[in-house]
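**Q** Could you have a look at this structure, given as structure tokens, before my questions?
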Amino acid sequence: MKHLNKLFAVICLIVGLSSQAQDQNNPWALTFGVNAVDTRISAAASLEDQISQYFNAKDNWNILPSVSYLKVSKYVGNNISFGVTGSVNKIKRFVNKREGSSLDYIVTNPGDLTYYGADAIIKYSMMNLIGSKVIDPSIHIGGGYTFMGDASAGTVNGGLGLTFWFTEQVGLSLESTYKHSFDDTRTPNVDIASHMQHFAGLTFKFGGKDTDGDGIYDRDDACPEVAGLKQFNGCPDTDADGIQDSADECPTVFGLAALNGCPDTDGDGIADKDDACPEVAGLKALNGCPDADGDGVADKDDKCVTVAGPKENAGCPWPDTDGDGVLDKDDKCIDVKGTVANSGCPEVSEEVIKKLNAYAKTILFNSGKSTFKAQTIPVLQSIVAILKEYPYSRFLIEGHTDSDGSNEMNQTLSENRAHAVENYLIENGIAADRLKHTGFGETKPVATNKTAKGKAMNRRTEISLIKE
């Protein structure tokens, strides 16, 4: 037994150094158990006799009542594995033919011959051929070297095996090997008789690498660094929603397949991550927010949730402060009723123009100049007041003279006087872009220039509405 212990230690060392790569997932296997040596097979005269004596363990088999063999093997691909076996036994039953007879055999004790075997085999598994994951039949061939007492010789081996796998990595192995010796005179301690060796033991497969410990070997694991699920080839599904993390847009939150693994709390068909209002069902066009009044403005942004209004006014209807039918946004005179045609401002009527001109005609200038006489200032103030009532209307100020003096002088004087009126109005709050001025000299008289009264009427200013 001390020899077997040494052999066991050597094989364990080999396994320890080599356990990195029986099948593709667990390429290494270690088998240990008991073996039986039967020398009758080579002494039998017929195949029938060999078969009938195959299981005659009581008369023919030599068995040690302890662990007596150890095998280590490695899967090399295509259902083939290569193994090395070491075995030990005691030969107390040696079978030979009885001299002078072709039927009788004699079993003798050759003196407790110590048996050692070292064999290498190439095994072919037929488990895939029969489509089983439990029953694993096999055939093997190989060779080795056998020591039996003082004799030793090489053998050519072949046999059959059968393994029952309890789990993916643990099984019960049964094996029978015929060892043919070319030095077979069947004399103990002189040569090695051809014989059968039977093995029964436990097999442990190992060497498979599972970095993330998820029970899926790295070679089959699409995510070898992260523990995952078998249905996803070893990749994780953190939120357990049936969608693996790599395809899940919300891997940490349980979600829907239709939304690539993301939740939809309000059930509006928009994933919470894309939903601006995830707690309230809404419209896709508004990023998942509701629109109670249907005005296209999300309720969260709508200042008038129950009344439709334009987006430009935060979802509220535009007001019409002065009630003139022109919305404030288009009304140039928000606080004064006007007309649609005049952008919400009041229209300048003929009566107003007449009133303006009634004032304008009473503007008095110093003789031959464009400066005002003092009594004219109240008149100008009245004109300012009227123009302020129509803040978006534009006016033309015209200057006119009588016929005294040259045409050139009168033209210049009329322009200067019209300009003087324009300047006064601007200085008193009328916007410059609302006013224009021009002079007509003596070309547009309204009365005769032959009388003093007529000339006085011709020396005037007029105000007209500029219509665009």
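Chain labels A, B, ... are given in the sequence in which chains occur in the structure tokens; within each chain residues are numbered consecutively from 1, and ligands are likewise numbered from 1 in the order shown.
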What's the 7 Å shell around range 232-243 of chain A, counting only C-alpha atoms, without same-chain residues fewer than 2 positions away, as an MDAnalysis selection string?
**A** chainID A and resid 216 220:224 226:230 245 247:248 251:255 261
**Q** Residues within 12 Å of range 374-382 of chain A, please, as a count of residues only. Count only C-alpha atoms; anything in the same chain fewer than 2 positions from it doesn't count.
**A** 33
**Q** Between A:Lys58, A:Arg186, A:Lys209, A:Arg93, which has the minimum distance to Gln24 in chain A (counting only C-alpha atoms)?
**A** A:Lys209
**Q** Please report the interatomic distance between CA of Ser370 in chain A and CA of Ala447 in chain A in Å with one decimal.
**A**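 Computed distance, CA of Ser370 in chain A to CA of Ala447 in chain A, equals 21.4 Å.
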**Q** Please list as a list in words every residue within 7 Å of Arg434 in chain A, counting only C-alpha atoms and excluding residues in the same chain fewer than 3 positions away.
**A**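 The contact residues come out as Ser393, Arg394, Phe395 and Ala431 of chain A.
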**Q** Could the residues in this selection be written to a file with N, CA, C and O atoms, as a CSV table (one decimal), in the first residue's frame?
**A**
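So out_27.csv came out as:
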```csv
chain,number,residue,atom,x,y,z
A,393,SER,N,-51.2,107.4,-35.0
A,393,SER,CA,-51.6,108.1,-36.2
A,393,SER,C,-50.4,109.1,-36.6
A,393,SER,O,-49.8,109.7,-35.7
A,394,ARG,N,-50.2,109.3,-37.9
A,394,ARG,CA,-49.2,110.2,-38.3
A,394,ARG,C,-49.8,111.4,-39.0
A,394,ARG,O,-50.9,111.3,-39.7
A,395,PHE,N,-49.1,112.6,-38.9
A,395,PHE,CA,-49.7,113.8,-39.4
A,395,PHE,C,-48.7,114.6,-40.2
A,395,PHE,O,-47.5,114.6,-39.9
A,431,ALA,N,-44.1,111.9,-30.7
A,431,ALA,CA,-43.0,111.2,-31.3
A,431,ALA,C,-42.6,111.7,-32.7
A,431,ALA,O,-43.5,112.0,-33.5
```
**Q** As number ranges by chain, list the residues of range 94-300 of chain A assigned to alpha helix (DSSP H) by DSSP on the backbone atoms of this structure.
**A** A: 127-130
**Q** For the selection just defined, write its residues with C-alpha atoms to a file, as a PDB file, in the first residue's frame.
**A**
```
ATOM      1  CA  MET A 127     -22.389   9.273 -24.740  1.00  0.00           C
ATOM      2  CA  ASN A 128     -23.144  11.893 -27.408  1.00  0.00           C
ATOM      3  CA  LEU A 129     -23.912   9.175 -29.945  1.00  0.00           C
ATOM      4  CA  ILE A 130     -26.668   7.707 -27.784  1.00  0.00           C
TER       5      ILE A 130
END
```
**Q** Using DSSP on the backbone coordinates, identify all residues within range 327-454 of chain A classified as strand (DSSP E); present the result as a VMD selection string.
**A** chain A and resid 394 to 400 435 to 439
**Q** Between A:Ser246, A:Thr448, A:Asn35, A:Thr108, which residue has the minimum interatomic distance to Asn60 in chain A, considering only C-alpha atoms?
**A**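 Result for the nearest residue to Asn60 in chain A: A:Thr108.
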